[in-house]
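Heads up, target25.txt below (compact mmCIF, C-alpha atoms):
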# COMPACT_ATOMS: atom_id res chain seq x y z
CA MET A 1 21.64 -1.54 33.74
CA LYS A 2 18.48 0.26 34.80
CA GLY A 3 17.27 3.83 34.51
CA ARG A 4 17.23 5.44 31.06
CA VAL A 5 18.58 3.00 28.48
CA LEU A 6 19.59 3.71 24.90
CA VAL A 7 19.18 0.80 22.49
CA ALA A 8 20.67 1.07 19.01
CA ARG A 9 19.94 -0.64 15.71
CA GLN A 10 20.92 1.68 12.87
CA ASP A 11 20.24 -0.23 9.67
CA ASN A 12 17.10 -1.32 7.79
CA LEU A 13 13.44 -1.70 8.69
CA GLY A 14 13.63 -5.48 8.95
CA ASP A 15 16.73 -5.37 11.13
CA VAL A 16 14.97 -3.07 13.58
CA LEU A 17 11.94 -5.36 13.73
CA LEU A 18 14.18 -8.36 14.41
CA ALA A 19 15.62 -6.54 17.41
CA GLY A 20 12.12 -6.10 18.82
CA PRO A 21 12.12 -8.97 21.36
CA ALA A 22 15.45 -7.79 22.76
CA VAL A 23 14.14 -4.23 23.01
CA ARG A 24 11.12 -5.49 24.97
CA ALA A 25 13.47 -7.29 27.34
CA VAL A 26 15.28 -4.01 27.98
CA ALA A 27 12.01 -2.11 28.39
CA ALA A 28 10.77 -4.59 31.00
CA HIS A 29 13.53 -3.43 33.36
CA ALA A 30 14.26 0.16 32.33
CA GLU A 31 12.59 3.37 33.42
CA SER A 32 12.59 4.53 29.79
CA VAL A 33 13.99 3.35 26.45
CA VAL A 34 15.38 5.58 23.71
CA MET A 35 15.99 3.81 20.41
CA LEU A 36 18.73 5.08 18.13
CA ALA A 37 17.83 4.15 14.55
CA GLY A 38 19.04 4.97 11.07
CA PRO A 39 16.82 6.74 8.55
CA ARG A 40 15.98 3.42 6.86
CA GLY A 41 14.68 1.86 10.05
CA ALA A 42 13.27 4.75 12.09
CA ALA A 43 9.65 4.14 11.05
CA ALA A 44 9.92 0.55 12.31
CA ALA A 45 11.48 1.76 15.57
CA GLU A 46 8.41 3.96 16.13
CA MET A 47 6.28 0.81 15.97
CA LEU A 48 8.21 -1.30 18.48
CA PRO A 49 6.55 -2.01 21.84
CA GLY A 50 8.68 -0.73 24.69
CA VAL A 51 10.27 2.20 22.85
CA ASP A 52 9.53 5.57 24.44
CA GLU A 53 11.51 7.79 22.06
CA VAL A 54 13.23 7.38 18.69
CA VAL A 55 16.35 9.30 17.69
CA THR A 56 17.47 9.07 14.06
CA TRP A 57 21.03 9.37 12.80
CA CYS A 58 22.72 7.87 9.75
CA ALA A 59 25.84 6.02 10.89
CA PRO A 60 28.65 6.06 8.30
CA TRP A 61 29.90 2.69 9.61
CA ILE A 62 26.46 1.01 9.27
CA ASP A 63 24.45 2.45 6.37
CA PRO A 64 24.91 0.66 2.99
CA GLU A 65 25.21 4.04 1.27
CA PRO A 66 27.21 5.81 3.96
CA PRO A 67 27.55 9.57 4.20
CA PRO A 68 31.06 10.98 4.57
CA VAL A 69 32.53 11.24 8.04
CA THR A 70 32.94 14.90 8.92
CA GLU A 71 34.10 16.49 12.13
CA SER A 72 31.02 18.72 12.31
CA ALA A 73 28.60 15.81 11.87
CA ILE A 74 30.30 13.74 14.57
CA HIS A 75 30.32 16.70 16.98
CA GLU A 76 26.63 17.32 16.30
CA PHE A 77 25.78 13.66 16.90
CA SER A 78 27.87 13.60 20.07
CA GLU A 79 25.81 16.48 21.40
CA VAL A 80 22.61 14.56 20.56
CA LEU A 81 23.89 11.57 22.53
CA ARG A 82 24.83 13.79 25.46
CA LYS A 83 21.32 15.30 25.57
CA ILE A 84 19.73 11.83 25.60
CA ASP A 85 21.44 11.43 28.98
CA ALA A 86 21.26 7.64 29.00
CA ASP A 87 22.50 5.72 32.03
CA SER A 88 23.39 2.72 29.89
CA ALA A 89 23.29 1.48 26.31
CA VAL A 90 22.82 -1.78 24.42
CA VAL A 91 24.19 -1.62 20.88
CA PHE A 92 22.62 -4.16 18.52
CA THR A 93 24.48 -4.87 15.31
CA SER A 94 24.56 -7.47 12.56
CA PHE A 95 27.40 -10.00 12.46
CA HIS A 96 29.28 -7.97 9.83
CA GLN A 97 28.98 -4.62 11.63
CA SER A 98 31.07 -3.08 14.40
CA ALA A 99 29.55 -1.64 17.56
CA LEU A 100 32.78 0.07 18.55
CA PRO A 101 32.47 3.43 16.74
CA LEU A 102 29.15 4.07 18.44
CA ALA A 103 30.50 2.76 21.74
CA LEU A 104 33.31 5.31 21.55
CA LEU A 105 30.87 8.17 21.00
CA LEU A 106 28.58 6.91 23.77
CA ARG A 107 31.52 6.76 26.14
CA MET A 108 32.49 10.33 25.20
CA ALA A 109 28.87 11.37 25.87
CA GLY A 110 29.13 10.04 29.41
CA VAL A 111 27.23 6.76 29.15
CA GLU A 112 28.47 4.73 32.09
CA ARG A 113 27.64 1.17 30.99
CA ILE A 114 27.67 -0.13 27.41
CA ALA A 115 26.94 -3.62 26.09
CA ALA A 116 27.47 -5.00 22.58
CA ILE A 117 28.49 -8.03 20.58
CA SER A 118 32.10 -7.61 19.53
CA GLU A 119 34.67 -9.93 18.02
CA ASP A 120 37.22 -7.12 18.03
CA TYR A 121 39.03 -6.21 21.23
CA PRO A 122 36.99 -3.33 22.71
CA GLY A 123 39.43 -2.08 25.32
CA SER A 124 37.53 0.15 27.72
CA LEU A 125 34.74 0.91 25.24
CA LEU A 126 32.47 -1.92 26.42
CA ASP A 127 31.47 -3.05 29.89
CA VAL A 128 29.68 -6.12 28.52
CA ARG A 129 31.48 -7.69 25.58
CA HIS A 130 29.24 -10.48 24.33
CA ARG A 131 30.03 -13.20 21.81
CA VAL A 132 27.60 -15.48 19.99
CA GLU A 133 28.41 -18.99 18.82
CA GLY A 134 26.90 -20.58 15.73
CA ASP A 135 24.30 -19.05 13.44
CA PRO A 136 21.14 -18.43 15.51
CA PRO A 137 18.13 -16.51 14.17
CA GLU A 138 18.78 -12.79 14.41
CA PRO A 139 16.08 -12.14 17.08
CA GLU A 140 17.66 -14.80 19.31
CA ARG A 141 21.13 -13.39 18.71
CA ALA A 142 19.97 -9.93 19.81
CA LEU A 143 18.08 -11.35 22.77
CA SER A 144 21.22 -13.15 23.93
CA LEU A 145 22.96 -9.76 24.13
CA ALA A 146 20.08 -8.29 26.13
CA ARG A 147 20.33 -11.19 28.56
CA ALA A 148 24.09 -10.79 28.86
CA ALA A 149 23.46 -7.15 29.76
CA GLY A 150 21.00 -8.18 32.47
CA PHE A 151 17.68 -7.81 30.65
CA GLU A 152 15.34 -10.81 30.53
CA LEU A 153 12.00 -10.99 28.76
CA PRO A 154 9.14 -10.71 31.24
CA ASP A 155 6.97 -13.71 32.07
CA GLY A 156 4.39 -14.30 29.35
CA ASP A 157 6.45 -12.76 26.53
CA ASP A 158 7.01 -15.48 23.92
CA GLY A 159 9.94 -13.70 22.28
CA ARG A 160 8.30 -13.35 18.88
CA LEU A 161 8.33 -10.23 16.76
CA ALA A 162 5.61 -7.67 17.49
CA VAL A 163 4.40 -4.16 16.68
CA ARG A 164 2.31 -1.66 18.56
CA ARG A 165 -1.43 -2.06 18.27
CA PRO A 166 -4.09 -1.08 17.36
CA LEU A 167 -3.26 -0.86 13.67
CA PRO A 168 -5.22 1.39 11.28
CA ASP A 169 -8.36 0.21 9.51
CA VAL A 170 -7.45 -0.60 5.89
CA GLY A 171 -10.73 -2.12 4.79
CA HIS A 172 -11.13 0.60 2.17
CA LEU A 173 -7.86 -0.57 0.58
CA VAL A 174 -8.22 -4.35 0.65
CA GLY A 175 -11.98 -4.98 0.70
CA ARG A 176 -13.58 -7.68 2.81
CA ARG A 177 -12.55 -10.87 0.97
CA ARG A 178 -9.79 -13.15 2.21
CA TYR A 179 -6.58 -12.24 0.44
CA VAL A 180 -2.90 -12.99 -0.05
CA VAL A 181 -0.25 -10.27 -0.27
CA VAL A 182 2.50 -10.37 -2.88
CA HIS A 183 5.34 -7.95 -2.12
CA PRO A 184 7.79 -8.02 -5.05
CA ALA A 185 10.49 -5.50 -4.13
CA ALA A 186 13.57 -5.67 -1.92
CA SER A 187 16.17 -3.06 -1.05
CA VAL A 188 18.86 -5.33 -2.51
CA PRO A 189 18.26 -6.39 -6.15
CA ALA A 190 19.97 -9.77 -5.66
CA ARG A 191 17.15 -10.74 -3.28
CA GLU A 192 14.26 -10.04 -5.65
CA TRP A 193 12.16 -12.67 -7.41
CA PRO A 194 12.04 -11.67 -11.09
CA MET A 195 9.15 -9.42 -12.09
CA PHE A 196 7.67 -11.88 -14.59
CA ARG A 197 7.59 -14.58 -11.92
CA CYS A 198 5.82 -12.23 -9.47
CA ARG A 199 3.22 -11.36 -12.09
CA GLY A 200 2.73 -15.05 -12.85
CA ALA A 201 2.22 -15.79 -9.15
CA VAL A 202 -0.48 -13.12 -8.89
CA ARG A 203 -2.31 -14.73 -11.82
CA GLU A 204 -1.84 -18.23 -10.36
CA LEU A 205 -3.13 -17.21 -6.93
CA ALA A 206 -6.08 -15.35 -8.45
CA ALA A 207 -6.95 -18.41 -10.54
CA ALA A 208 -6.93 -20.46 -7.32
CA GLY A 209 -9.61 -18.18 -5.89
CA TRP A 210 -7.59 -15.75 -3.80
CA ALA A 211 -7.91 -12.02 -3.85
CA VAL A 212 -4.33 -10.81 -4.32
CA VAL A 213 -2.97 -7.52 -2.96
CA VAL A 214 0.35 -6.23 -4.29
CA THR A 215 2.28 -3.91 -1.97
CA GLY A 216 5.30 -1.67 -2.39
CA ALA A 217 6.85 1.71 -1.64
CA PRO A 218 6.13 4.83 -3.71
CA ALA A 219 9.32 4.21 -5.72
CA ASP A 220 8.00 0.75 -6.65
CA GLY A 221 4.89 2.05 -8.45
CA GLU A 222 5.82 0.83 -11.91
CA LEU A 223 6.82 -2.58 -10.54
CA THR A 224 3.68 -3.11 -8.45
CA ALA A 225 1.40 -1.97 -11.27
CA HIS A 226 2.99 -4.49 -13.65
CA VAL A 227 2.93 -7.31 -11.09
CA ALA A 228 -0.71 -6.68 -10.14
CA GLY A 229 -1.83 -6.51 -13.78
CA HIS A 230 -5.55 -7.19 -14.12
CA SER A 231 -5.53 -9.91 -11.46
CA GLY A 232 -4.40 -8.07 -8.33
CA ILE A 233 -5.07 -4.96 -6.28
CA ASP A 234 -2.15 -2.54 -6.63
CA LEU A 235 -1.34 -0.78 -3.34
CA GLY A 236 2.13 0.34 -4.39
CA GLY A 237 2.87 3.65 -2.67
CA ARG A 238 -0.56 3.84 -1.05
CA THR A 239 0.32 2.87 2.52
CA ASP A 240 2.55 4.20 5.26
CA LEU A 241 4.26 1.63 7.48
CA PRO A 242 1.44 1.19 10.05
CA GLU A 243 -1.06 0.84 7.18
CA LEU A 244 1.19 -1.70 5.48
CA ALA A 245 1.36 -3.61 8.76
CA ALA A 246 -2.44 -3.61 8.87
CA VAL A 247 -2.65 -4.89 5.28
CA LEU A 248 -0.23 -7.69 6.13
CA ASP A 249 -2.09 -8.39 9.38
CA GLY A 250 -5.32 -9.00 7.48
CA ALA A 251 -3.76 -11.34 4.92
CA ASP A 252 -3.93 -15.12 5.07
CA ALA A 253 -0.33 -15.25 3.82
CA VAL A 254 2.41 -12.99 2.48
CA VAL A 255 4.67 -13.83 -0.47
CA ALA A 256 7.88 -11.79 -0.32
CA PRO A 257 11.64 -11.90 -0.80
CA ASN A 258 14.07 -11.36 2.07
CA THR A 259 13.00 -7.80 2.83
CA GLY A 260 11.59 -5.67 5.63
CA PRO A 261 7.90 -6.33 4.86
CA ALA A 262 8.52 -10.08 5.23
CA HIS A 263 9.64 -9.39 8.81
CA LEU A 264 6.76 -6.98 9.27
CA ALA A 265 4.42 -9.82 8.26
CA ALA A 266 6.03 -12.01 10.92
CA ALA A 267 5.65 -9.19 13.44
CA VAL A 268 1.87 -9.18 12.91
CA GLY A 269 1.71 -12.98 12.98
CA THR A 270 1.00 -13.67 9.30
CA PRO A 271 2.49 -16.77 7.59
CA VAL A 272 5.17 -16.04 4.98
CA VAL A 273 6.22 -17.70 1.75
CA SER A 274 9.81 -16.51 1.65
CA LEU A 275 11.57 -16.23 -1.72
CA PHE A 276 15.01 -16.32 -0.21
CA ALA A 277 18.19 -15.68 -2.17
CA PRO A 278 21.11 -17.34 -0.34
CA VAL A 279 23.37 -14.26 -0.36
CA VAL A 280 22.72 -14.29 3.40
CA SER A 281 21.82 -17.18 5.68
CA PRO A 282 18.13 -18.18 5.94
CA ALA A 283 18.90 -19.73 9.31
CA ARG A 284 19.58 -16.22 10.55
CA TRP A 285 17.36 -14.02 8.39
CA ALA A 286 14.26 -15.99 7.30
CA PRO A 287 10.92 -14.78 8.75
CA TYR A 288 10.83 -15.63 12.44
CA GLY A 289 8.18 -17.15 14.67
CA VAL A 290 5.40 -17.73 12.11
CA PRO A 291 4.52 -20.57 9.71
CA ARG A 292 6.78 -20.23 6.70
CA VAL A 293 8.02 -21.93 3.57
CA VAL A 294 11.45 -20.92 2.29
CA LEU A 295 11.87 -21.23 -1.48
CA GLY A 296 15.01 -20.75 -3.54
CA GLU A 297 18.22 -22.70 -4.17
CA GLN A 298 20.14 -22.29 -0.94
CA PHE A 299 23.39 -23.81 -2.25
CA ALA A 300 23.80 -21.49 -5.24
CA PRO A 301 27.28 -20.06 -5.97
CA CYS A 302 26.30 -16.72 -4.40
CA ARG A 303 25.73 -18.35 -1.01
CA ASN A 304 26.75 -16.14 1.94
CA THR A 305 28.44 -13.56 -0.32
CA ARG A 306 26.15 -10.71 0.79
CA ALA A 307 26.10 -9.68 -2.89
CA ARG A 308 23.79 -6.76 -3.65
CA TYR A 309 23.57 -7.64 -7.34
CA CYS A 310 23.32 -11.24 -8.50
CA PRO A 311 26.73 -12.43 -9.76
CA VAL A 312 25.25 -15.43 -11.60
CA PRO A 313 23.68 -14.86 -15.06
CA GLY A 314 19.93 -15.36 -15.02
CA HIS A 315 19.60 -15.18 -11.21
CA PRO A 316 18.82 -18.92 -11.14
CA CYS A 317 18.51 -19.32 -7.35
CA LEU A 318 15.14 -17.54 -7.52
CA THR A 319 14.23 -17.52 -11.21
CA LEU A 320 13.78 -21.29 -11.13
CA VAL A 321 11.07 -20.97 -8.47
CA THR A 322 7.73 -21.17 -10.31
CA PRO A 323 4.39 -19.48 -9.60
CA GLU A 324 2.90 -22.95 -9.15
CA GLU A 325 5.40 -23.68 -6.36
CA VAL A 326 4.50 -20.41 -4.66
CA ALA A 327 0.76 -21.14 -4.89
CA ALA A 328 1.37 -24.59 -3.38
CA ALA A 329 3.42 -23.00 -0.58
CA VAL A 330 0.57 -20.59 0.16
CA VAL A 331 -1.73 -23.58 0.58
CA GLU A 332 0.84 -25.17 2.91
CA VAL A 333 1.25 -22.17 5.23
CA THR A 334 -2.50 -21.48 5.38
CA SER A 335 -3.60 -25.08 6.03
Represent the structure of the file as structure tokens.
Amino acid sequence: MKGRVLVARQDNLGDVLLAGPAVRAVAAHAESVVMLAGPRGAAAAEMLPGVDEVVTWCAPWIDPEPPPVTESAIHEFSEVLRKIDADSAVVFTSFHQSALPLALLLRMAGVERIAAISEDYPGSLLDVRHRVEGDPPEPERALSLARAAGFELPDGDDGRLAVRRPLPDVGHLVGRRRYVVVHPAASVPAREWPMFRCRGAVRELAAAGWAVVVTGAPADGELTAHVAGHSGIDLGGRTDLPELAAVLDGADAVVAPNTGPAHLAAAVGTPVVSLFAPVVSPARWAPYGVPRVVLGEQFAPCRNTRARYCPVPGHPCLTLVTPEEVAAAVVEVTS
């Protein structure tokens, strides 16, 4: 599998970042790499080392808010795939997603060799049908597929997450003091630490002598302003993704739920205090390759349900985590 290779990961920002080591393995042996991403993850794909081109398309079988399947949309996408003119493809998916719809369209577009993880019988859709035992961290799961397809990481690559550098200068946003980032939002409400706890953590960290920077997307402005209060620096909506990466890169630690910016922090090498709701497995999805402390009741009733909204009154798996515990965890990961 050489030549021009298409790699696909069509879900969220964090998922794309977690595929980064596997993408670098492909890039080490390919003439060029085109990454197929969804609209939620395309900005992260642009930041991955080894990616030469990013193509964005919202897959109805992947996106959590899927568009309808229409004949015209599928024909249009098929033409996009044909114009990419890939010699081979590696389709990265999560354990609950199917690679086969994309494999079918890639086959129709003339891609000669296709590799993916698939529990379902793929017939002639896949040339490399890979299976993964156990519950490995997501970067290792993806890397095992790359290896099965014939792509090994080059010598000297440690297999950790990474982004393209240099990153922008964000000194005008964060100042020159040492600081901790608190990122309160997640794309899935069931994964969020309650707002009052986030605000309490900002106050607790500030009282311990840290400058505290609160980050978030433009839609999170009201949340970040409340969490920052008078104790933190509110950067909600003030950074694009490379600037956010730079803010996280400059931090001593990042406090965040299971969300893309937690993986972005890992990709720039910053320790993470992970407020992790057990709706998915921390063994698979906790921040990878950096010092971390995982907080939250991992045996709560919602464990492994993939619930988007907490089914337990009071959201106890995270609500019971205190600001004092978070401040202590920051000390632990920065010691």
For this session: Write out as number ranges by chain the residues lying within 10 Å of Val182 of chain A, counting all atoms listed in the file and excluding same-chain residues fewer than 2 positions away.
Result: A: 179-180, 184-185, 198-199, 201-202, 205, 212-216, 224, 227-228, 232-234, 248, 253-257, 273
For this session: State, in Å with one decimal place, the distance from atom CA of Val26 of chain A to atom CA of Glu133 of chain A.
Result: 21.9 Å
Exercise. Which residues, protein or nucleic acid, reach to within 12 Å of (18.9, -12.4, 7.1) in the file's coordinates when using only C-alpha atoms, and can you give that as a PyMOL selection string?
Worked result: chain A and resi 12+14-15+17-18+94-96+135-139+141+188+191+257-260+262-263+274+276-288+304+306
For this session: Enumerate, as number ranges by chain, the protein, DNA and RNA residues whose atoms approach (21.2, -7.2, 24.4) to within 10 Å, taking into account all atoms listed in the file and the coordinate frame of the file.
Result: A: 7-8, 19, 21-23, 25-26, 89-93, 115-117, 128, 130, 140-152
For this session: Identify which of the residues A:Leu100, A:Ala206, A:Leu295, A:Val111 lies closest to Cys317 of chain A, counting only C-alpha atoms when measuring atom-to-atom distances.
Result: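 Residue with the minimum atom-to-atom distance to Cys317 of chain A: A:Leu295.
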For this session: For Leu106 of chain A, please output as a PyMOL selection string all residues within 9 Å (counting all atoms listed in the file; exclusion window: fewer than 3 positions along the same chain).
Result: chain A and resi 78+81-82+89+101-103+109-112+114+125
Go ahead and save the residues from that selection, with C-alpha atoms, as a PDB file, in the coordinates of the input.
ATOM      1  CA  SER A  78      27.870  13.600  20.070  1.00  0.00           C
ATOM      2  CA  LEU A  81      23.890  11.570  22.530  1.00  0.00           C
ATOM      3  CA  ARG A  82      24.830  13.790  25.460  1.00  0.00           C
ATOM      4  CA  ALA A  89      23.290   1.480  26.310  1.00  0.00           C
ATOM      5  CA  PRO A 101      32.470   3.430  16.740  1.00  0.00           C
ATOM      6  CA  LEU A 102      29.150   4.070  18.440  1.00  0.00           C
ATOM      7  CA  ALA A 103      30.500   2.760  21.740  1.00  0.00           C
ATOM      8  CA  ALA A 109      28.870  11.370  25.870  1.00  0.00           C
ATOM      9  CA  GLY A 110      29.130  10.040  29.410  1.00  0.00           C
ATOM     10  CA  VAL A 111      27.230   6.760  29.150  1.00  0.00           C
ATOM     11  CA  GLU A 112      28.470   4.730  32.090  1.00  0.00           C
ATOM     12  CA  ILE A 114      27.670  -0.130  27.410  1.00  0.00           C
ATOM     13  CA  LEU A 125      34.740   0.910  25.240  1.00  0.00           C
TER      14      LEU A 125
END
Problem set entry | Option closest in space to Arg24 of chain A, from A:Ala99, A:Leu153, A:Val69, A:Ala59 [counting all atoms listed in the file] | A:Leu153
With a distance cut-off of 8 Å and all atoms listed in the file, select the neighbouring residues of Ala266 of chain A, excluding the residue or stretch itself and same-chain residues fewer than 4 positions from it, and output the selection as an mmCIF file with C-alpha atoms, in the coordinates of the input.
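Output file around.cif is given in full below:
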data_model
loop_
_atom_site.group_PDB
_atom_site.id
_atom_site.type_symbol
_atom_site.label_atom_id
_atom_site.label_comp_id
_atom_site.auth_asym_id
_atom_site.auth_seq_id
_atom_site.Cartn_x
_atom_site.Cartn_y
_atom_site.Cartn_z
ATOM 1 C CA LEU A 161 8.330 -10.230 16.760
ATOM 2 C CA ALA A 162 5.610 -7.670 17.490
ATOM 3 C CA ALA A 262 8.520 -10.080 5.230
ATOM 4 C CA THR A 270 1.000 -13.670 9.300
ATOM 5 C CA PRO A 271 2.490 -16.770 7.590
ATOM 6 C CA VAL A 272 5.170 -16.040 4.980
ATOM 7 C CA PRO A 287 10.920 -14.780 8.750
ATOM 8 C CA TYR A 288 10.830 -15.630 12.440
ATOM 9 C CA GLY A 289 8.180 -17.150 14.670
ATOM 10 C CA VAL A 290 5.400 -17.730 12.110
#
Exercise. In Å to one decimal, how far is atom CA of Ala217 of chain A from atom CA of Gly237 of chain A?
Worked result: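 Computing it gives 4.5 Å between the two atoms.
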Problem set entry | Selection near Arg165 of chain A, 10 Å with all atoms listed in the file, sequence-local residues under 5 positions removed, as a list in words |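 Answer for this query is Met47, Leu48, Pro49, Pro242, Ala246 and Val268 of chain A.
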Exercise. So which one's closest to Gly20 of chain A, A:Ala267, A:Ala245, A:Val5, A:Leu105? Using only C-alpha atoms, please.
Worked result: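 Of all the options, A:Ala267 lies closest to Gly20 of chain A.
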Exercise. What is the atom CA of Tyr309 of chain A-atom CA of Phe196 of chain A distance in Å, reported with one decimal?
Worked result: 18.0 Å
Exercise. Between A:Glu53, A:Glu204, A:Asp11, A:Glu65, which has the minimum distance to Pro39 of chain A (counting only C-alpha atoms)?
Worked result: A:Asp11
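Nearest residue to Gly221 of chain A, choosing from A:Lys83, A:Lys2, A:His183, A:Arg203 and counting all atoms listed in the file: A:His183.
In this comparison, which uses all atoms listed in the file, the residue of A:Thr70, A:Ser124, A:Gln10, A:Ser187 approaching Val54 of chain A most closely is A:Gln10.
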For this session: Determine, counting only C-alpha atoms, which protein, DNA and RNA residues have an atom within 12 Å of an atom of Val170 of chain A; residues of the same chain fewer than 6 positions away are not included. Present the result as a VMD selection string.
Result: chain A and resid 176 235 238 to 240 242 to 251
Pull C-alpha atoms for segment 176-210 of chain A from the block and write them as a JSON list (two decimals), in the first residue's frame.
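Everything below was put into out36.json:
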[["chain", "number", "residue", "atom", "x", "y", "z"],
["A", 176, "ARG", "CA", 3.72, 35.66, 30.82],
["A", 177, "ARG", "CA", 2.86, 33.99, 34.14],
["A", 178, "ARG", "CA", 2.67, 30.24, 34.58],
["A", 179, "TYR", "CA", -0.92, 29.15, 34.20],
["A", 180, "VAL", "CA", -3.40, 26.28, 34.25],
["A", 181, "VAL", "CA", -6.17, 25.91, 31.67],
["A", 182, "VAL", "CA", -9.71, 24.98, 32.67],
["A", 183, "HIS", "CA", -11.83, 23.87, 29.71],
["A", 184, "PRO", "CA", -15.41, 23.32, 30.94],
["A", 185, "ALA", "CA", -17.37, 22.31, 27.84],
["A", 186, "ALA", "CA", -17.80, 19.02, 25.99],
["A", 187, "SER", "CA", -19.76, 18.15, 22.86],
["A", 188, "VAL", "CA", -21.74, 15.61, 24.89],
["A", 189, "PRO", "CA", -23.50, 17.05, 27.99],
["A", 190, "ALA", "CA", -23.15, 13.79, 29.94],
["A", 191, "ARG", "CA", -19.37, 14.30, 29.93],
["A", 192, "GLU", "CA", -19.35, 17.79, 31.42],
["A", 193, "TRP", "CA", -18.32, 18.67, 34.97],
["A", 194, "PRO", "CA", -21.10, 20.87, 36.39],
["A", 195, "MET", "CA", -20.65, 24.61, 35.87],
["A", 196, "PHE", "CA", -20.58, 25.45, 39.58],
["A", 197, "ARG", "CA", -17.80, 22.92, 40.13],
["A", 198, "CYS", "CA", -15.76, 24.41, 37.26],
["A", 199, "ARG", "CA", -16.15, 27.89, 38.70],
["A", 200, "GLY", "CA", -15.13, 26.60, 42.12],
["A", 201, "ALA", "CA", -12.03, 24.98, 40.63],
["A", 202, "VAL", "CA", -10.98, 28.26, 39.01],
["A", 203, "ARG", "CA", -11.26, 29.99, 42.39],
["A", 204, "GLU", "CA", -9.40, 27.15, 44.15],
["A", 205, "LEU", "CA", -6.56, 27.16, 41.63],
["A", 206, "ALA", "CA", -6.30, 30.95, 41.73],
["A", 207, "ALA", "CA", -6.15, 30.86, 45.53],
["A", 208, "ALA", "CA", -3.28, 28.35, 45.23],
["A", 209, "GLY", "CA", -1.32, 30.91, 43.21],
["A", 210, "TRP", "CA", -2.01, 29.83, 39.64]]
